[in-house]
Every structure is written in structure tokens, then in C-alpha cells.
file start.txt (compact mmCIF, C-alpha atoms)
# COMPACT_ATOMS: atom_id res chain seq x y z
CA MET A 248 66.49 44.37 -5.06
CA GLN A 249 65.38 41.07 -3.57
CA ARG A 250 64.71 37.96 -5.57
CA ILE A 251 63.46 34.48 -4.73
CA LEU A 252 66.18 31.85 -4.68
CA GLU A 253 65.74 28.65 -6.63
CA ARG A 254 66.14 25.30 -4.86
CA GLY A 255 69.66 24.66 -6.12
CA GLU A 256 70.78 28.08 -4.93
CA ILE A 257 69.18 27.58 -1.53
CA GLU A 258 70.92 24.27 -0.96
CA SER A 259 74.28 25.81 -1.90
CA LEU A 260 73.97 28.32 0.94
CA ASP A 261 75.70 27.81 4.25
CA HIS A 262 73.23 25.85 6.36
CA ILE A 263 74.50 27.63 9.45
CA SER A 264 72.51 30.64 8.23
CA ILE A 265 69.34 28.77 7.23
CA GLU A 266 68.07 25.80 9.20
CA ARG A 267 67.09 23.41 6.41
CA LEU A 268 65.25 20.83 8.54
CA ARG A 269 63.55 20.81 11.93
CA LEU A 270 62.98 17.33 13.35
CA PRO A 271 60.18 16.75 15.90
CA SER A 272 60.58 16.26 19.64
CA ALA A 273 58.92 13.10 20.93
CA GLN A 274 58.88 14.65 24.40
CA SER A 275 57.08 17.90 23.65
CA LEU A 276 55.25 17.80 20.30
CA PHE A 277 51.98 16.23 21.41
CA VAL A 278 51.97 18.06 24.76
CA GLU A 279 52.16 21.42 22.98
CA ARG A 280 49.62 20.39 20.35
CA ALA A 281 47.07 19.26 22.95
CA ALA A 282 47.49 22.48 24.96
CA ARG A 283 46.99 24.55 21.82
CA LEU A 284 43.84 22.60 20.88
CA ARG A 285 42.36 23.25 24.33
CA ARG A 286 43.05 26.98 24.10
CA LEU A 287 41.58 27.09 20.61
CA ALA A 288 38.48 25.21 21.79
CA ALA A 289 38.06 27.73 24.60
CA GLY A 290 38.13 30.61 22.10
CA GLU A 291 41.25 32.10 23.66
CA ILE A 292 43.17 32.61 20.40
CA ILE A 293 42.02 35.86 18.80
CA GLY A 294 43.88 35.21 15.58
CA THR A 295 42.30 31.79 15.01
CA PRO A 296 38.56 32.25 15.64
CA VAL A 297 36.73 28.98 16.30
CA ASN A 298 33.12 28.25 15.56
CA PRO A 299 31.57 27.20 18.89
CA ALA A 300 30.09 24.16 17.15
CA LEU A 301 33.63 22.91 16.55
CA SER A 302 34.82 23.30 20.14
CA GLY A 303 33.62 19.86 21.25
CA TYR A 304 35.51 18.19 18.42
CA LEU A 305 38.69 20.11 19.22
CA LEU A 306 38.47 18.96 22.84
CA LEU A 307 38.03 15.36 21.69
CA MET A 308 41.09 15.72 19.46
CA ALA A 309 43.00 17.24 22.40
CA ASP A 310 42.19 14.06 24.34
CA LEU A 311 43.41 11.99 21.39
CA VAL A 312 46.65 14.00 21.15
CA GLU A 313 47.27 13.55 24.88
CA ALA A 314 46.80 9.81 24.35
CA GLN A 315 49.40 10.04 21.56
CA HIS A 316 51.84 11.60 24.02
CA ALA A 317 51.27 8.80 26.54
CA VAL A 318 51.85 6.14 23.88
CA ILE A 319 54.96 7.70 22.34
CA GLN A 320 56.57 7.65 25.80
CA THR A 321 56.30 3.83 25.78
CA LEU A 322 58.45 3.46 22.66
CA SER A 323 62.16 2.63 22.63
CA ILE A 324 64.87 3.11 20.06
CA ALA A 325 64.36 -0.49 18.91
CA ASP A 326 60.74 0.36 18.07
CA ALA A 327 61.90 3.08 15.66
CA MET A 328 63.21 0.43 13.23
CA LEU A 329 65.58 2.97 11.74
CA PRO A 330 67.38 2.16 8.50
CA ASP A 331 70.99 1.01 8.78
CA GLU A 332 73.82 3.21 7.58
CA ALA A 333 73.85 1.59 4.14
CA ALA A 334 70.16 2.38 3.65
CA LEU A 335 70.65 5.92 4.90
CA GLU A 336 73.54 6.42 2.50
CA SER A 337 71.40 5.10 -0.38
CA ALA A 338 68.61 7.54 0.57
CA ARG A 339 71.09 10.41 0.56
CA ARG A 340 72.62 9.36 -2.76
CA TYR A 341 69.30 9.08 -4.56
CA ALA A 342 67.54 11.93 -2.69
CA MET A 343 64.84 9.67 -1.23
CA PRO A 344 63.07 9.91 2.15
CA PRO A 345 64.81 7.65 4.70
CA LEU A 346 61.49 6.74 6.39
CA PRO A 347 59.07 6.44 3.45
CA ALA A 348 55.36 6.32 4.29
CA LEU A 349 54.85 3.49 1.81
CA GLY A 350 55.15 -0.27 1.95
CA GLU A 351 54.07 -2.87 4.48
CA LEU A 352 53.39 -1.68 8.01
CA PRO A 353 55.12 -3.69 10.76
CA PRO A 354 53.17 -5.57 13.49
CA LEU A 355 54.34 -2.88 15.94
CA TRP A 356 51.89 -0.46 14.36
CA HIS A 357 48.98 -2.62 15.55
CA THR A 358 50.48 -2.54 19.05
CA ILE A 359 50.64 1.26 18.95
CA PHE A 360 47.05 1.40 17.72
CA ASP A 361 45.88 -0.85 20.59
CA ARG A 362 47.79 1.21 23.16
CA LEU A 363 46.18 4.38 21.82
CA LEU A 364 42.68 2.92 22.20
CA THR A 365 43.52 1.78 25.74
CA GLN A 366 44.62 5.31 26.64
CA LEU A 367 41.29 6.62 25.32
CA ASP A 368 39.22 4.27 27.48
CA ALA A 369 39.42 6.69 30.40
CA THR A 370 38.35 9.55 28.12
CA ALA A 371 35.32 7.57 26.97
CA ALA A 372 33.96 7.61 30.53
CA SER A 373 33.42 11.37 30.25
CA ARG A 374 32.66 11.39 26.50
CA PRO A 375 29.82 8.91 25.87
CA GLN A 376 30.00 9.51 22.10
CA LEU A 377 33.53 8.08 22.08
CA ALA A 378 32.70 4.68 23.58
CA PRO A 379 30.94 3.21 20.49
CA ILE A 380 33.77 4.48 18.27
CA LEU A 381 36.32 2.64 20.39
CA VAL A 382 34.22 -0.53 20.24
CA ALA A 383 34.01 -0.27 16.45
CA LEU A 384 37.74 0.41 16.12
CA ARG A 385 38.58 -2.64 18.21
CA ALA A 386 36.24 -4.74 16.05
CA LEU A 387 38.15 -3.92 12.84
CA ASP A 388 39.84 -6.96 11.33
CA PRO A 389 43.42 -6.60 10.02
CA ALA A 390 42.24 -6.23 6.42
CA ALA A 391 39.84 -3.39 7.24
CA LEU A 392 42.46 -1.68 9.37
CA LYS A 393 44.96 -1.92 6.51
CA VAL A 394 42.47 -0.27 4.14
CA LEU A 395 42.06 2.60 6.60
CA ALA A 396 45.82 2.95 7.13
CA ASP A 397 46.50 2.93 3.38
CA ALA A 398 43.84 5.60 2.80
CA VAL A 399 45.38 7.78 5.51
CA LEU A 400 48.97 7.37 4.32
CA THR A 401 48.06 8.08 0.69
CA GLN A 402 45.54 10.82 1.58
CA ARG A 403 42.71 9.20 -0.40
CA PRO A 404 39.45 9.97 1.45
CA GLU A 405 37.47 8.34 -1.36
CA ALA A 406 39.05 5.01 -0.33
CA LEU A 407 37.45 5.19 3.13
CA GLY A 408 34.16 4.06 1.66
CA SER A 409 31.69 5.02 4.40
CA GLU A 410 30.86 7.68 6.96
CA GLN A 411 31.86 5.28 9.73
CA ALA A 412 35.29 4.78 8.18
CA THR A 413 35.63 8.55 7.85
CA ALA A 414 34.97 8.87 11.58
CA HIS A 415 37.59 6.19 12.28
CA ALA A 416 40.30 7.77 10.11
CA PRO A 417 41.55 10.35 12.68
CA PHE A 418 42.23 7.57 15.21
CA VAL A 419 44.10 5.50 12.64
CA ALA A 420 46.02 8.61 11.56
CA ALA A 421 46.88 9.33 15.20
CA ALA A 422 48.48 5.90 15.65
CA LEU A 423 50.47 6.32 12.44
CA GLN A 424 51.61 9.77 13.58
CA VAL A 425 52.91 8.32 16.84
CA TRP A 426 55.19 5.82 15.12
CA TRP A 427 56.48 8.09 12.37
CA THR A 428 56.97 11.04 14.73
CA TYR A 429 58.99 8.86 17.10
CA ARG A 430 61.10 7.55 14.23
CA ALA A 431 61.72 11.03 12.85
CA SER A 432 62.71 12.27 16.31
CA GLN A 433 65.51 9.68 16.40
CA LEU A 434 67.12 10.85 13.15
CA SER A 435 69.86 13.41 12.68
CA PRO A 436 69.47 16.12 10.03
CA LYS A 437 72.49 14.67 8.22
CA ASP A 438 70.48 11.48 7.68
CA VAL A 439 67.88 13.36 5.64
CA PRO A 440 68.59 14.45 2.05
CA THR A 441 67.03 17.30 0.13
CA LEU A 442 64.40 15.89 -2.24
CA GLU A 443 64.01 16.80 -5.89
CA THR A 444 60.66 18.36 -4.98
CA GLY A 445 60.23 20.80 -2.15
CA THR A 446 56.55 19.94 -1.68
CA LEU A 447 56.99 16.57 0.08
CA CYS A 448 58.47 15.77 3.47
CA PRO A 449 62.15 14.87 3.08
CA VAL A 450 61.86 12.48 6.04
CA CYS A 451 58.83 10.36 5.08
CA GLY A 452 57.63 11.67 1.70
CA SER A 453 54.20 12.71 3.01
CA GLN A 454 52.43 15.97 2.24
CA PRO A 455 52.55 18.99 4.53
CA VAL A 456 49.40 19.83 6.44
CA ALA A 457 50.28 23.55 6.65
CA SER A 458 53.27 25.84 6.85
CA VAL A 459 54.66 28.00 9.60
CA ILE A 460 56.83 31.11 9.81
CA ARG A 461 59.24 30.47 12.68
CA ILE A 462 61.13 32.85 14.94
CA GLY A 463 64.41 32.58 16.76
CA GLY A 464 67.93 31.53 15.87
CA GLN A 465 68.63 30.10 12.43
CA SER A 466 64.89 29.87 11.68
CA GLN A 467 64.10 33.54 12.24
CA GLY A 468 61.58 34.79 9.69
CA TYR A 469 61.72 31.69 7.49
CA ARG A 470 58.81 29.56 6.29
CA TYR A 471 58.72 25.82 6.98
CA LEU A 472 56.32 23.20 5.70
CA HIS A 473 54.98 20.98 8.48
CA CYS A 474 54.52 17.26 7.75
CA GLY A 475 51.10 15.90 8.69
CA LEU A 476 52.54 12.44 9.43
CA CYS A 477 55.95 12.71 11.12
CA ALA A 478 55.79 16.42 12.14
CA SER A 479 59.15 17.21 10.57
CA GLU A 480 59.51 20.69 9.11
CA TRP A 481 61.54 21.72 6.07
CA HIS A 482 62.38 25.11 4.67
CA MET A 483 60.60 26.49 1.63
CA VAL A 484 60.88 30.08 0.48
CA ARG A 485 57.88 32.31 1.06
CA VAL A 486 55.67 33.45 -1.82
CA LYS A 487 56.08 30.06 -3.47
CA CYS A 488 53.21 27.61 -3.81
CA SER A 489 53.72 24.60 -1.56
CA ASN A 490 51.76 22.50 -4.05
CA CYS A 491 53.03 23.41 -7.55
CA GLU A 492 56.11 25.49 -6.57
CA GLN A 493 55.11 28.42 -8.80
CA ASN A 494 55.42 31.93 -7.42
CA ALA A 495 53.73 34.30 -9.89
CA LYS A 496 50.17 34.10 -8.61
CA ILE A 497 50.39 33.66 -4.84
CA ALA A 498 48.10 35.54 -2.45
CA TYR A 499 47.46 35.37 1.29
CA GLN A 500 43.90 35.44 2.52
CA GLY A 501 42.88 35.77 6.14
CA LEU A 502 39.94 36.51 8.39
CA ASP A 503 39.46 40.02 9.69
CA SER A 504 37.32 40.88 12.69
CA ARG A 505 34.17 40.68 10.56
CA GLY A 506 35.08 37.33 9.00
CA ASP A 507 35.84 38.89 5.60
CA VAL A 508 38.73 37.84 3.35
CA ASP A 509 41.72 40.13 2.85
CA HIS A 510 44.94 39.83 0.89
CA ALA A 511 48.56 40.48 1.81
CA GLU A 512 52.00 39.91 0.38
CA ALA A 513 55.16 38.47 1.90
CA THR A 514 58.84 38.08 1.05
CA ASP A 515 61.39 35.47 1.98
CA ALA A 516 63.67 37.98 3.69
CA PRO A 517 64.16 37.08 7.38
CA LEU A 518 62.55 39.64 9.66
CA PRO A 519 63.90 41.08 12.91
CA LEU A 520 62.71 39.51 16.15
CA VAL A 521 60.03 41.94 17.27
CA ASN A 522 56.74 41.56 19.07
CA LYS A 523 53.97 41.86 16.50
CA ALA A 524 51.39 39.80 18.38
CA ASN A 525 48.98 42.73 18.22
CA ASP A 526 48.03 41.77 14.64
CA PRO A 527 45.76 38.74 15.10
CA GLN A 528 44.67 38.86 11.45
CA LYS A 529 48.08 37.47 10.48
CA VAL A 530 48.19 34.53 12.92
CA ILE A 531 46.74 32.22 10.29
CA ARG A 532 46.05 32.81 6.60
CA ALA A 533 45.40 30.74 3.52
CA GLU A 534 48.14 30.76 0.91
CA THR A 535 46.28 30.53 -2.41
CA CYS A 536 47.76 29.85 -5.82
CA ASP A 537 46.06 30.89 -9.06
CA ASP A 538 48.32 28.59 -11.06
CA CYS A 539 47.06 25.33 -9.53
CA LEU A 540 43.97 26.75 -7.74
CA THR A 541 44.89 25.13 -4.43
CA TYR A 542 45.62 26.48 -0.97
CA ARG A 543 47.30 25.58 2.28
CA LYS A 544 47.23 27.53 5.50
CA ILE A 545 50.22 29.32 6.90
CA VAL A 546 50.56 30.21 10.58
CA ASN A 547 52.88 32.90 11.83
CA GLN A 548 54.87 32.59 15.03
CA GLU A 549 55.77 36.27 14.73
CA HIS A 550 52.15 37.12 15.56
CA ASP A 551 51.47 34.33 18.05
CA TYR A 552 54.46 32.53 19.56
CA GLU A 553 52.42 29.42 20.44
CA VAL A 554 50.97 28.66 16.99
CA GLU A 555 50.88 24.95 16.20
CA PRO A 556 50.43 24.22 12.46
CA LEU A 557 48.22 21.14 12.68
CA ALA A 558 46.12 22.41 15.60
CA ASP A 559 45.52 25.88 14.17
CA ASP A 560 44.74 24.41 10.76
CA LEU A 561 42.18 22.07 12.31
CA ALA A 562 40.51 24.85 14.27
CA SER A 563 40.18 27.33 11.39
CA LEU A 564 37.46 25.65 9.32
CA MET A 565 35.80 29.03 8.83
CA LEU A 566 38.77 30.04 6.71
CA ASP A 567 38.47 26.81 4.68
CA VAL A 568 34.84 27.59 3.93
CA LEU A 569 35.57 31.11 2.73
CA VAL A 570 38.54 30.12 0.58
CA THR A 571 36.79 27.16 -1.04
CA GLU A 572 33.87 29.46 -1.84
CA GLU A 573 36.40 31.51 -3.82
CA GLY A 574 37.13 28.43 -5.96
CA TYR A 575 40.29 27.04 -4.35
CA ILE A 576 40.83 23.38 -3.34
CA ARG A 577 42.72 22.21 -0.26
CA ALA A 578 46.08 20.82 -1.31
CA SER A 579 46.19 18.20 1.45
CA ILE A 580 44.18 16.81 4.34
CA ASN A 581 44.44 17.47 8.06
CA PRO A 582 44.98 13.96 9.46
CA LEU A 583 42.63 14.64 12.38
CA LEU A 584 39.64 15.63 10.23
CA TRP A 585 38.40 13.72 7.17
CA PHE A 586 35.57 14.31 4.76
CA SER A 587 34.74 11.28 2.63
CA GLY A 588 35.29 11.84 -1.09
CA ALA A 589 36.96 15.25 -0.96
CA VAL A 590 40.16 16.94 0.10
call {"tool": "encode", "arguments": {"input": "start.txt", "output": "C-alpha cells"}}
result
Amino acid sequence: MQRILERGEIESLDHISIERLRLPSAQSLFVERAARLRRLAAGEIIGTPVNPALSGYLLLMADLVEAQHAVIQTLSIADAMLPDEAALESARRYAMPPLPALGELPPLWHTIFDRLLTQLDATAASRPQLAPILVALRALDPAALKVLADAVLTQRPEALGSEQATAHAPFVAAALQVWWTYRASQLSPKDVPTLETGTLCPVCGSQPVASVIRIGGQSQGYRYLHCGLCASEWHMVRVKCSNCEQNAKIAYQGLDSRGDVDHAEATDAPLPLVNKANDPQKVIRAETCDDCLTYRKIVNQEHDYEVEPLADDLASLMLDVLVTEEGYIRASINPLLWFSGAV
């Protein structure tokens, strides 16, 4: 008889058998995300159906993600501003994120933001709607930019204050993602402790945007939460709410070929490496919790090897609509899409 392990039991296991933490690759993350967004926009992913009205936005975000890749290649180890060994040891001792997404942002962040806008200038030539946004973003004074960055880092859409600020938020989030992703990519797993809560990123303390069931090696069949800021992934058992950590009232809701909602169950037992890509209904589903009435999406690499948590989450707004109509609230925001005043 299987049972769900508690956090203390999980951490006592041999980490050779369970990969606790997956740090991002600065070389490949944004390349893979942009490619996935373009395939989603083209309607090529059966398991993640895209409303044609959203395709233009996905292509714009693919351009933005490609700009992120170009900018992250300009950074050096000095730009990561990693904590020294004493700070890392303190983070491990007190179970705190070594790269917390709180506090004063360094001047380098403004440089990254400017480089990102410069990369997008070429895109604006073929996307006329982007040009005025870039002009407005460049016109932001440091105080206004700080308000936007703080709202993004704390996931407070109500702090954006206007529709224009809401439109600016994905570009601010993209610059923040570049810096934190680069920093996270320079860490070693031994630098990152296990937090008291399993619902926040152990690298930066931010919320996950979605979760993913990985395949291959030590990750085979296990569920990982994917950070919306630094793109690190950390293990959390399946059939456990990624918001309140309860497990009694979890359900999985997905879109079938008619756009209806269906339910399924899962276990945390690792599954054998087999090709199950012929079940598109399980590529992406919403994990709902009747204890806290929230949901996050979960994508499954066993059914589509190329799933990308942030990209597939962004593209599947149809699923958001259906699940929210059932009375559930999104547990966290996708950094590339903001709605003022609501999660």
C-alpha cells in the first residue's frame, strides 16, 4: 500500500534516488521557451489548445523571450552578485533562500532592462503595436519602474494601478527573470537549502507559476514546482496542493476534445519511461484544491516531452476560464500575463 511521504521523510531519503532541485540553464531555458511559445501560437500542440485570438500575444511573448536569451548571454559571473560562502552557510543554517526576491534592486537591473528594450527595437519594426509600449517603458522614471518591479516581485497586480502599467508588467518581469535566472544558474544544489514550506522556491522565495512531471534519470515520474522568477524547479509530491500543502481534496481537471472538464487522480510513485504521448488530454491540467479553493496547472512531460511550464500555462487560458467558473482562484500569476486587480 502506497502512502504520501511527509516533508521530513522526503528529505531523509537518499537524494541520489530523488533529484531534490533542478537549477535552470542560462544557455537553453529561454531558447526552449521561445520555441514552445511559437509552436503553441501555431496551434501545433494538441494537448494545449490555444484560442486563435491569443496567438498574436504568444508570438509577441516569444519575441520577448528571445530578447531575454540575447540579454542573458551578455552577463558574466560578476553580474550574478552571488552571496559569499558565509551568507550561503547562513541561508543553509536557517533554511532561507540564498537569492531572495526581496530588498533593494541593484543598478545592474536597470542595465538589463535597457538591454532588453534595445533587443526589442528590431521586433517593433514588424510589430507596430510594440513601438509605443517601448517608448512608454523608456519614459518611466526610476520611482515608477521601482513600483512596477515591486508589484511583479510580490505578485500584487492591484499595485500596478492602471491598464498601462498592467501592459508594462510582462516586460518588467522579463528583465527580472533574466537576472534571477542567470544567478540561479550559477549556483550549486548544495548552496540551496530545503525551506520550511514546500510552496515557495528554495532559491529565491518566489511562488511557482506551475508544476511539471519530469521524465528521465533521477527525475523520472516526479512532480516539480517551477519558479516563475528564477526558473528553478523543486520536488513536491504529487496529489498535494502546491498552495496549502493539503492532500485530501485534490483533483485534476483538463480539457477534452470538446473543451469539457474531466477529473483524474495521480500518485507520487515514479512511473516507467514509456511513450504515452497519444493522450493529449493529460499534457496540461489544473490541479484544484477544495481545501483552499485555489488551482495551479500541471504539465506532463510523459505525454509531451517538450512541455514548458511557463509557456504552456500562458497558452492555456481556456483552462483558466473553465476552472475559475467552477469557483477556484489562481494561486499565483504568470509573469508574462497580468490582469490588474486579480490573480
call {"tool": "residues_around", "arguments": {"input": "start.txt", "residues": "segment 444-447 of chain A", "least_positions_apart": "5", "cutoff": "6 Å", "atoms": "all atoms listed in the file", "output": "PDB file with C-alpha atoms, in the frame of the given file"}}
result
ATOM      1  CA  GLY A 452      57.630  11.670   1.700  1.00  0.00           C
ATOM      2  CA  SER A 453      54.200  12.710   3.010  1.00  0.00           C
ATOM      3  CA  GLN A 454      52.430  15.970   2.240  1.00  0.00           C
ATOM      4  CA  SER A 489      53.720  24.600  -1.560  1.00  0.00           C
ATOM      5  CA  ASN A 490      51.760  22.500  -4.050  1.00  0.00           C
TER       6      ASN A 490
END
call {"tool": "residues_around", "arguments": {"input": "start.txt", "residues": "segment 305-317 of chain A", "least_positions_apart": "6", "cutoff": "9 Å", "atoms": "all atoms listed in the file", "output": "PyMOL selection string"}}
result
chain A and resi 273-278+280-285+287-289+362-367+370+374+377+417-418+421-422+424-425+558+561-562+583
call {"tool": "atom_distance", "arguments": {"input": "start.txt", "atom1": "atom CA of Pro379 of chain A", "atom2": "atom CA of Val419 of chain A"}}
result
15.5 Å
call {"tool": "residues_around", "arguments": {"input": "start.txt", "residues": "Asp560 of chain A", "least_positions_apart": "3", "cutoff": "10 Å", "atoms": "all atoms listed in the file", "output": "PyMOL selection string"}}
result
chain A and resi 295+456-458+531-533+543-546+554-557+563-564+566-567+580-581
call {"tool": "atom_distance", "arguments": {"input": "start.txt", "atom1": "atom CA of Asp537 of chain A", "atom2": "atom CA of Asn494 of chain A"}}
result
9.6 Å
call {"tool": "closest_residue", "arguments": {"input": "start.txt", "among": "A:Asp361, A:Asp397, A:Asp438, A:Asp526", "to": "Arg340 of chain A", "atoms": "only C-alpha atoms"}}
result
A:Asp438
call {"tool": "closest_residue", "arguments": {"input": "start.txt", "among": "A:Ala386, A:Leu502, A:Leu322, A:Ile380", "to": "Trp356 of chain A", "atoms": "only C-alpha atoms"}}
result
A:Leu322
call {"tool": "axis_aligned_box", "arguments": {"input": "start.txt", "around": "segment 480-497 of chain A", "padding_each_side": "3 Å", "output": "JSON"}}
result
{"center_x": 56.3, "center_y": 27.5, "center_z": -0.4, "size_x": 18.2, "size_y": 19.6, "size_z": 25.0}
call {"tool": "atom_distance", "arguments": {"input": "start.txt", "atom1": "atom CA of Asn547 of chain A", "atom2": "atom CA of Glu480 of chain A"}}
result
14.2 Å
call {"tool": "closest_residue", "arguments": {"input": "start.txt", "among": "A:Ala578, A:Gly468, A:Asp551, A:Trp426", "to": "Glu534 of chain A", "atoms": "all atoms listed in the file"}}
result
A:Ala578
call {"tool": "closest_residue", "arguments": {"input": "start.txt", "among": "A:Ser373, A:Ser466, A:Thr535, A:Ser323", "to": "Trp481 of chain A", "atoms": "all atoms listed in the file"}}
result
A:Ser466
call {"tool": "closest_residue", "arguments": {"input": "start.txt", "among": "A:Ala406, A:Ile324, A:His357, A:Thr401", "to": "Asp388 of chain A", "atoms": "only C-alpha atoms"}}
result
A:His357
call {"tool": "closest_residue", "arguments": {"input": "start.txt", "among": "A:Ala396, A:Leu584, A:Val382, A:Val484", "to": "Leu301 of chain A", "atoms": "all atoms listed in the file"}}
result
A:Leu584
call {"tool": "residues_near_point", "arguments": {"input": "start.txt", "point": "(36.0, 30.7, -4.7)", "cutoff": "12 Å", "atoms": "only C-alpha atoms", "output": "PyMOL selection string"}}
result
chain A and resi 500+508+535-537+540-542+566-577
